[in-house]
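**Q** This is the structure, below, for whatever I ask next.
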Amino acid sequence: MGMKQAIKNLDAFPRAEEHLLRKTQSGALVSVVGLVIMAALFLHELKYYLTTFTVHQMSVDLKRGETLPIHINMTFPSLPCDVLSVDAIDMSGKHEVDLDTNIWKLRLNSHGHIIGTEYLSDLVEKEHSAHNHDNDKDHHEDSDAKLHGHGFDEATENMIKKAKQAMANGEGCQVYGVLDVQRVAGNFHISVHSLNIFVAQMIFEGAIHVNVSHMIHDLSFGPKYPGLHNPLDGTERILHDTSGTFKYYIKIVPTEYRYLSKKVLPTNQFSVNEYFSSMTEFDRTWPAVYFLYDLSPITVTIKEERRSFLHFITRLCAVLGGTFALTGMLDRWMYRLVEALTEPNPRSFLR
């Protein structure tokens with residue numbers, strides 16, 4: 001008996017006799033409110049526990065010999081597809097003959113509706129020794145000499161007529177697809193540079209009349225992961241009564257996203273600065289939209305993680321226990337208040 005009594009003395013939650021307990025309406029109201037609050041806090045803590053969070057780590061980029069995918073989706077409302085081309089150049093100076101490209105051009109009418117589709121198989125890939133590609137004087141040197149000596153052939157004349165008719169009808173062009181380029185600094189640009197300079201002169205009657213207004217629906221350098229924001233998505237640059245060259249200077253940051261399931265998604269983030277140079281009638285270059293990119297030597301690893309179950313239990317005990325203690329205190333205060341208002345003896349309130 002002595003041992004049992006000693007154990008009973010350790011009880012921190014002694015129970016009163018049933019006939020000593022008194023239930024009140026105010027106590028029931030506080031109990032219901034307390035249960036609702038505890039249920040809401042429990043659901044909040046459960047959602048907080050099940051929600052993953054990300055941890056960022058940085059390290060030196062050690063990737064070698066991989067390609068860089070460039071996803072583009074742009075609309076040029078003032079240039080028909082017949083005159084647009086996509087040129088890709090990198091710093092290695094190596095001429096890629098069999099560049100793996102999947103680029104499509106969609107013909108758009110003046111209202112932006114699709115009226116035709118064309119697969120762009122004539123992507124221009126050129127050698128160069130400098131990072132910029134502003135001067136296109138030598139861009140068509142061989143073909144210029146040939147046309148100067150022989151004049152325009154029938155196919156070229158038909159192309160000029162077709163392009164002029166498309167411009168008269170207000171046609172635009174949507175360019176979309178994927179470029180796979182070498183993982184080195186370089187640029188790609190969308191312009192009329194694929195045209196012979198005399199052909200371009202016949203179509204536009206001067207570089208100042210080339211309107212490179214554009215809308216960037218999507219520009220990314222790899223697949224998207226949760227929380228990724230590409231800064232150029234949704235960009236619109238519309239020119240009125242002027243022309244010029246747009247240049248986007250892009251800094252690419254290699255990124256790895258590690259899901260909770262241990263799946264690894266290699267991709268890239270990027271930051272961008274923008275520059276526009278207006279054109280005059282005396283300029284010898286032709287307008288274009290340039291994307292000049294460079295890669296960071298640092299790679300970012302983003303890991304999905306989940307909070308521990310012990311952390312969840314600790315927070316749950318804290319919020320539920322705190323709510324229970326607070327409702328108990330509130331019940332005592334309400335009971336004292338009701339007792340003071342209903343009983344004529346003022347000592348009960350002071351007590």
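By order of appearance in the structure tokens: chains A, B, ..., then residues from 1 within every chain, and ligands from 1 in the order shown.
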From a backbone DSSP assignment, name each residue in stretch 70-310 of chain A labelled strand (DSSP E), as an MDAnalysis selection string.

**A** chainID A and resid 70:76 85:90 101:108 114:119 124:125 172:182 186:191 214:220 235:237 244:258 264:278 288:295 298:305

**Q** Residues within 12 Å of A:Ala200, please, as a ChimeraX atom specification. Count only C-alpha atoms; anything in the same chain fewer than 2 positions from it doesn't count.

**A** /A:82-84,140,144,156-157,159-161,163-164,191-198,202-210,285-287

**Q** Go through A:Ile298, A:Gly116, A:Asn109, A:Lys303 and flag the residue nearest A:Lys263, using only C-alpha atoms for the distances.

**A**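 Closest to A:Lys263, using only C-alpha atoms: A:Lys303.
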
**Q** Any chance you could tabulate, as a Markdown table, the residues of stretch 155-210 of chain A at most 8 Å from stretch 60-74 of chain A with each one's nearest atom pair and distance in Å to one decimal, using only C-alpha atoms, in chain and rising number order?

**A**
| residue | atom | partner | partner_atom | distance |
| --- | --- | --- | --- | --- |
| A:Gln174 | CA | A:Met74 | CA | 5.6 |
| A:Val175 | CA | A:Met74 | CA | 5.3 |
| A:Tyr176 | CA | A:Asn73 | CA | 4.1 |
| A:Gly177 | CA | A:Ile72 | CA | 5.6 |
| A:Val178 | CA | A:His71 | CA | 4.6 |
| A:Leu179 | CA | A:Ile70 | CA | 4.9 |
| A:Asp180 | CA | A:Pro69 | CA | 4.6 |
| A:Val181 | CA | A:Leu68 | CA | 5.2 |
| A:Gln182 | CA | A:Thr67 | CA | 4.8 |
| A:Arg183 | CA | A:Thr67 | CA | 5.2 |

**Q** Smallest atom-to-atom distance to A:His240: which of A:Leu330, A:Ile7, A:Leu50, A:Val212, using only C-alpha atoms?

**A** A:Val212

**Q** Find the residue from A:Ser277, A:Asn102, A:Thr255, A:Asn268 that sits nearest to A:Thr242; use only C-alpha atoms when measuring.

**A**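 Smallest separation from A:Thr242 among the options: A:Ser277.
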
**Q** Enter the distance from atom CA of A:Ser85 to atom CA of A:His189, in Å, rounded to one decimal.

**A** 8.2 Å

**Q** Go ahead and compute the interatomic distance for atom CA of A:Asp294 and atom CA of A:Asp90, in Å to one decimal.

**A** 9.8 Å
